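A short worksheet on the structure shown next.
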Amino acid sequence: MRYSRTLSTVAAAAAVVAGTVLLPSQAQAAGSVHLYKIYYDSPGSDTRSNASLNGEYVQIRNTTTRAVSLTGWSVVDGSNHKYTFGSYSLGRGKTVTVRTGSGTNTAANRYQGRAAYVWNNDRDTATLKKSTGATVDTCSYNSTRVDYKMC
Ligand SMILES: [Ca+2]
Ligand SMILES: [Ca+2]
């Protein structure tokens, strides 16, 4: 009696181990490239200074286990203001910040080079598209009570 109970305990432990082994592949399958955050009302008065324009941004995150080329991908707002990535690869687990104003592109920060804001302070929709035009993700917000949206 005692012996068989021990055996069933071992069997249960083995099942738990098998379940644990499956988890990493499930996590891989769940990964994606997606809109992560939109900071649509940049800090302070909206003076259209370059610093203020760059305080407004949209972030894209890659939770897959591989780098993903975003070359030719675009982010579009509700009024069809479009930013298209040049040659760019988003590393695995990385986040890229696409800022509205001007600056020098780095791995972590890309710049739209605009002189006016893109993301409305009240409501707007961001759409992430592949180079083919296929929609990858969308993120909408409708609030002036907060300055950013976690997608
Ligand atoms: Ca502001
Ligand atoms: Ca807009």
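Here, A, B, ... name the chains of the structure tokens in the order displayed, residue numbers run from 1 inside each chain, and ligands are numbered from 1 in the same displayed order.
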**Report entry** Nearby polymer residues, ligand 2, at most 8 Å, only C-alpha atoms and all ligand atoms, as a PyMOL selection string
**Finding:** chain A and resi 77-81+117-120+123-125
Requested in this report: Compile the contact shell of A:Cys139 as a list of chain:residue names: residues with an atom at most 7 Å away, counting only C-alpha atoms, same-chain residues fewer than 5 positions apart removed.
Outcome: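 Selected residues are A:Leu35, A:Thr125, A:Ala126, A:Thr127, A:Cys151.
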Export of the given selection (all heavy atoms) as a compact mmCIF listing (two decimals), in the first residue's frame:
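What landed in selection.txt:
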# COMPACT_ATOMS: atom_id res chain seq x y z
N LEU A 35 2.43 46.55 -31.05
CA LEU A 35 2.43 47.88 -30.46
C LEU A 35 2.42 47.71 -28.95
O LEU A 35 1.66 46.91 -28.41
CB LEU A 35 1.18 48.65 -30.93
CG LEU A 35 1.17 48.96 -32.43
CD1 LEU A 35 -0.23 49.32 -32.88
CD2 LEU A 35 2.15 50.09 -32.75
N THR A 125 -5.81 56.15 -33.27
CA THR A 125 -5.56 54.72 -33.45
C THR A 125 -4.23 54.54 -34.16
O THR A 125 -3.98 55.19 -35.19
CB THR A 125 -6.66 54.05 -34.30
OG1 THR A 125 -7.91 54.19 -33.63
CG2 THR A 125 -6.36 52.57 -34.51
N ALA A 126 -3.38 53.71 -33.59
CA ALA A 126 -2.13 53.34 -34.26
C ALA A 126 -2.32 51.98 -34.93
O ALA A 126 -2.93 51.08 -34.35
CB ALA A 126 -1.00 53.25 -33.24
N THR A 127 -1.81 51.88 -36.14
CA THR A 127 -1.85 50.61 -36.85
C THR A 127 -0.43 50.28 -37.31
O THR A 127 0.24 51.11 -37.92
CB THR A 127 -2.78 50.68 -38.07
OG1 THR A 127 -4.09 51.07 -37.65
CG2 THR A 127 -2.87 49.31 -38.77
N CYS A 151 -0.68 49.41 -24.78
CA CYS A 151 -1.49 48.67 -25.75
C CYS A 151 -1.73 47.23 -25.30
O CYS A 151 -1.00 46.71 -24.49
CB CYS A 151 -0.80 48.69 -27.10
SG CYS A 151 -0.62 50.38 -27.73
Requested in this report: Could you please extract the residues within 9 Å of ligand 1, counting only C-alpha atoms and all ligand atoms, and hand them back as a list in words?
Outcome: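 The neighbouring residues of ligand 1 are, in order, Tyr40, Asp41, Ser42, Pro43, Gly44, Ser45, Asp46, Thr47, Ser52, Gly55, Glu56, Asn121 and Asp147 of chain A.
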If you keep C-alpha atoms, can you produce a file of those selected residues as a compact mmCIF listing (two decimals), in the first residue's frame?
# COMPACT_ATOMS: atom_id res chain seq x y z
CA TYR A 40 0.40 60.74 -27.02
CA ASP A 41 0.43 63.87 -24.84
CA SER A 42 4.09 64.72 -24.41
CA PRO A 43 5.10 66.17 -21.03
CA GLY A 44 4.39 69.88 -20.52
CA SER A 45 2.96 72.41 -22.96
CA ASP A 46 2.71 71.27 -26.55
CA THR A 47 5.02 73.94 -27.96
CA SER A 52 8.36 68.18 -26.97
CA GLY A 55 8.35 63.36 -25.91
CA GLU A 56 5.56 61.96 -28.07
CA ASN A 121 -4.16 64.15 -27.19
CA ASP A 147 -1.02 60.95 -21.31
Can you tell me, as a compact mmCIF listing (two decimals) with N, CA, C and O atoms, in the first residue's frame, what residues are no more than 8 Å from A:Met150 when counting only C-alpha atoms, ignoring any on the same chain fewer than 4 positions away?
# COMPACT_ATOMS: atom_id res chain seq x y z
N TYR A 36 3.28 48.47 -28.26
CA TYR A 36 3.43 48.31 -26.82
C TYR A 36 2.89 49.51 -26.03
O TYR A 36 2.19 49.35 -25.05
N LYS A 37 3.22 50.70 -26.51
CA LYS A 37 2.83 51.91 -25.77
C LYS A 37 2.78 53.10 -26.71
O LYS A 37 3.61 53.21 -27.61
N ILE A 38 1.80 53.98 -26.47
CA ILE A 38 1.75 55.25 -27.20
C ILE A 38 1.76 56.36 -26.16
O ILE A 38 0.85 56.44 -25.32
Requested in this report: Could you please write out, as a ChimeraX atom specification, every residue of stretch 8-146 of chain A that DSSP assigns to strand (DSSP E or B)?
Outcome: /A:33-39,57-62,68-69,74-76,82-84,89-90,95-99,109-111,123-129,135-142
